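Colleague: File follows, start_34.pdb with PDB, C-alpha atoms:
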MODEL        1
ATOM      1  CA  MET A 248     123.015  85.999  92.464
ATOM      2  CA  SER A 249     122.876  88.953  94.851
ATOM      3  CA  LEU A 250     119.488  90.548  95.563
ATOM      4  CA  ALA A 251     118.318  93.880  96.942
ATOM      5  CA  VAL A 252     116.053  92.994  99.882
ATOM      6  CA  ALA A 253     113.747  95.694 101.263
ATOM      7  CA  ILE A 254     112.276  94.877 104.662
ATOM      8  CA  GLN A 255     109.264  96.656 106.131
ATOM      9  CA  MET A 256     109.527  96.405 109.884
ATOM     10  CA  ASP A 257     109.384  98.286 113.165
ATOM     11  CA  PRO A 258     111.888 101.053 113.836
ATOM     12  CA  MET A 259     115.263  99.364 114.255
ATOM     13  CA  GLU A 260     115.745 100.990 117.659
ATOM     14  CA  THR A 261     112.778  99.018 119.034
ATOM     15  CA  VAL A 262     113.594  95.595 117.562
ATOM     16  CA  ASP A 263     114.064  92.736 120.042
ATOM     17  CA  ILE A 264     116.803  90.710 118.357
ATOM     18  CA  ASP A 265     115.806  87.558 120.241
ATOM     19  CA  VAL A 266     112.198  87.371 118.997
ATOM     20  CA  ASP A 267     111.769  89.513 115.873
ATOM     21  CA  SER A 268     111.372  87.225 112.850
ATOM     22  CA  SER A 269     112.134  90.024 110.373
ATOM     23  CA  PHE A 270     115.477  90.588 112.098
ATOM     24  CA  VAL A 271     116.350  86.895 111.711
ATOM     25  CA  LEU A 272     115.398  87.029 108.011
ATOM     26  CA  ALA A 273     117.611  90.121 107.594
ATOM     27  CA  LEU A 274     120.546  88.327 109.239
ATOM     28  CA  GLU A 275     120.166  85.381 106.876
ATOM     29  CA  ALA A 276     119.811  87.556 103.756
ATOM     30  CA  GLN A 277     122.916  89.521 104.762
ATOM     31  CA  LYS A 278     124.827  86.282 105.417
ATOM     32  CA  ARG A 279     123.987  85.220 101.853
ATOM     33  CA  GLY A 280     125.460  88.443 100.465
ATOM     34  CA  HIS A 281     122.246  90.315  99.667
ATOM     35  CA  ALA A 282     121.950  94.107 100.016
ATOM     36  CA  LEU A 283     119.493  95.055 102.772
ATOM     37  CA  PHE A 284     117.178  98.057 102.940
ATOM     38  CA  HIS A 285     114.823  99.068 105.742
ATOM     39  CA  TYR A 286     111.616 101.088 105.520
ATOM     40  CA  LEU A 287     108.637 101.855 107.718
ATOM     41  CA  PRO A 288     105.024 101.450 106.523
ATOM     42  CA  ARG A 289     104.641 105.236 106.344
ATOM     43  CA  HIS A 290     107.538 105.359 103.837
ATOM     44  CA  LEU A 291     105.746 103.158 101.292
ATOM     45  CA  PHE A 292     103.750 104.892  98.554
ATOM     46  CA  PHE A 293     102.241 104.404  95.091
ATOM     47  CA  ARG A 294     102.809 106.832  92.217
ATOM     48  CA  GLU A 295     102.326 106.478  88.446
ATOM     49  CA  GLN A 296     101.534 102.759  88.635
ATOM     50  CA  ARG A 297     104.697 101.969  90.653
ATOM     51  CA  VAL A 298     105.353 101.150  94.276
ATOM     52  CA  TYR A 299     108.049 103.211  96.008
ATOM     53  CA  ALA A 300     109.662 102.977  99.407
ATOM     54  CA  THR A 301     111.855 105.625 100.929
ATOM     55  CA  ALA A 302     114.360 103.132 102.263
ATOM     56  CA  ARG A 303     117.695 103.162 104.041
ATOM     57  CA  ALA A 304     120.602 100.777 103.550
ATOM     58  CA  LEU A 305     120.695  98.386 106.504
ATOM     59  CA  GLU A 306     123.425  96.330 108.144
ATOM     60  CA  VAL A 307     122.464  93.963 110.977
ATOM     61  CA  ARG A 308     124.369  92.009 113.612
ATOM     62  CA  ARG A 309     123.372  89.877 116.588
ATOM     63  CA  GLU A 310     124.808  92.265 119.167
ATOM     64  CA  ARG A 311     122.363  93.596 121.751
ATOM     65  CA  GLY A 312     122.376  97.404 121.864
ATOM     66  CA  ASN A 313     124.439  97.615 118.657
ATOM     67  CA  HIS A 314     122.367  95.435 116.339
ATOM     68  CA  PHE A 315     122.062  97.687 113.284
ATOM     69  CA  THR A 316     123.512 100.452 111.141
ATOM     70  CA  LEU A 317     121.270 102.490 108.846
ATOM     71  CA  GLY A 318     122.387 104.511 105.839
ATOM     72  CA  ARG A 319     120.837 107.677 104.417
ATOM     73  CA  ARG A 320     117.168 107.603 103.452
ATOM     74  CA  ARG A 321     116.587 107.622  99.699
ATOM     75  CA  PRO A 322     113.579 106.950  97.469
ATOM     76  CA  SER A 323     113.683 103.758  95.439
ATOM     77  CA  THR A 324     111.229 101.747  93.418
ATOM     78  CA  TRP A 325     110.533  98.193  94.533
ATOM     79  CA  PRO A 326     111.330  96.007  92.859
ATOM     80  CA  PRO A 327     114.410  97.998  91.763
ATOM     81  CA  SER A 328     114.669  98.742  88.062
ATOM     82  CA  THR A 329     117.169  96.566  86.260
ATOM     83  CA  SER A 330     118.738  97.218  82.905
ATOM     84  CA  CYS A 331     120.327  94.654  80.642
TER
ENDMDL
END
Would you put the structure from the file into structure tokens?

Modeller:
Amino acid sequence: MSLAVAIQMDPMETVDIDVDSSFVLALEAQKRGHALFHYLPRHLFFREQRVYATARALEVRRERGNHFTLGRRRPSTWPPSTSC
């Protein structure tokens, strides 16, 4: 089962790939086929009894200086709504 994983962490430009535990968790989630999203604390908000994060799609790699790719920022609810 594939999941949508939203990670609140420091700006990706400042992440030290050798010591940041959130980066390691992102690598593992991506390796398992999960969709990654990144957001900063200031992009998390509460409205109408729901939690939202203005998140960006995230791709990570263990390559110093080229360790991430971010997509466009878009508002999403977390957890994402699912329909049957």

Colleague: In Å to one decimal, how far is CA of Arg309 (chain A) from CA of Ile254 (chain A)?

Modeller: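 Here the two named atoms are 17.0 Å from each other.
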
Colleague: Arg308 (chain A): which residues within 12 Å, counting only C-alpha atoms, same-chain residues fewer than 4 positions away excluded, as a PyMOL selection string?

Modeller: chain A and resi 259+264-265+270-278+312-317

Colleague: Pick from A:Val266, A:Leu291, A:Ala282, A:Met256: nearest to Leu305 (chain A), with all atoms listed in the file counted?

Modeller: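 For Leu305 (chain A), the nearest of the candidates is A:Ala282.
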
Colleague: Find the smallest box with edges along x, y and z containing every listed atom of region 314-322 of chain A, then add 3 Å on each side and report centre and edge lengths in Å to one decimal, as JSON.

Modeller:
{"center_x": 118.5, "center_y": 101.6, "center_z": 106.9, "size_x": 15.9, "size_y": 18.2, "size_z": 24.9}

Colleague: Nearest residue to Glu260 (chain A) out of A:Leu283, A:Val298, A:Gly318, A:Arg311, using all atoms listed in the file?

Modeller: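 Distance minimum relative to Glu260 (chain A) lands on A:Arg311.
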
Colleague: Rounded to one decimal in Å, what is the spacing between CA of His285 (chain A) and CA of Met248 (chain A)?

Modeller: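 One can read the CA of His285 (chain A) to CA of Met248 (chain A) distance as 20.4 Å.
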
Colleague: Just to confirm, what's the straight-line distance from CA of Ala304 (chain A) to CA of Phe284 (chain A) in Å (one decimal)?

Modeller: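 Computed distance, CA of Ala304 (chain A) to CA of Phe284 (chain A), equals 4.4 Å.
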
Colleague: For this structure, which residues satisfy the selection - the PyMOL selection byres ((chain A and resi 321) around 10) - when it is evaluated on the file as given? I want them as a VMD selection string.

Modeller: chain A and resid 300 to 304 318 to 320 322 to 323

Colleague: Select, from A:Glu310, A:Asp267, A:Val262, A:Asp257, the residue with the minimum atom-to-atom distance to Leu287 (chain A), counting all atoms listed in the file.

Modeller: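 Between A:Glu310, A:Asp267, A:Val262, A:Asp257, the residue approaching Leu287 (chain A) most closely is A:Asp257.
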
Colleague: Measuring atom to atom with all atoms listed in the file, identify which of A:Arg297, A:Glu306, A:Ser268, A:Arg289 is nearest to Val252 (chain A).

Modeller: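 The shortest atom-to-atom distance to Val252 (chain A) comes from A:Glu306.
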
Colleague: Carefully work through the PyMOL selection byres ((chain A and resi 250) around 6) for this structure and note down the residues it includes, as a ChimeraX atom specification.

Modeller: /A:249,251,281

Colleague: Pick the closest to Gln255 (chain A) from A:Gly280, A:Tyr286, A:Ser269, A:Glu295: which is it, counting all atoms listed in the file?

Modeller: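 Comparing A:Gly280, A:Tyr286, A:Ser269, A:Glu295 against Gln255 (chain A), the winner is A:Tyr286.
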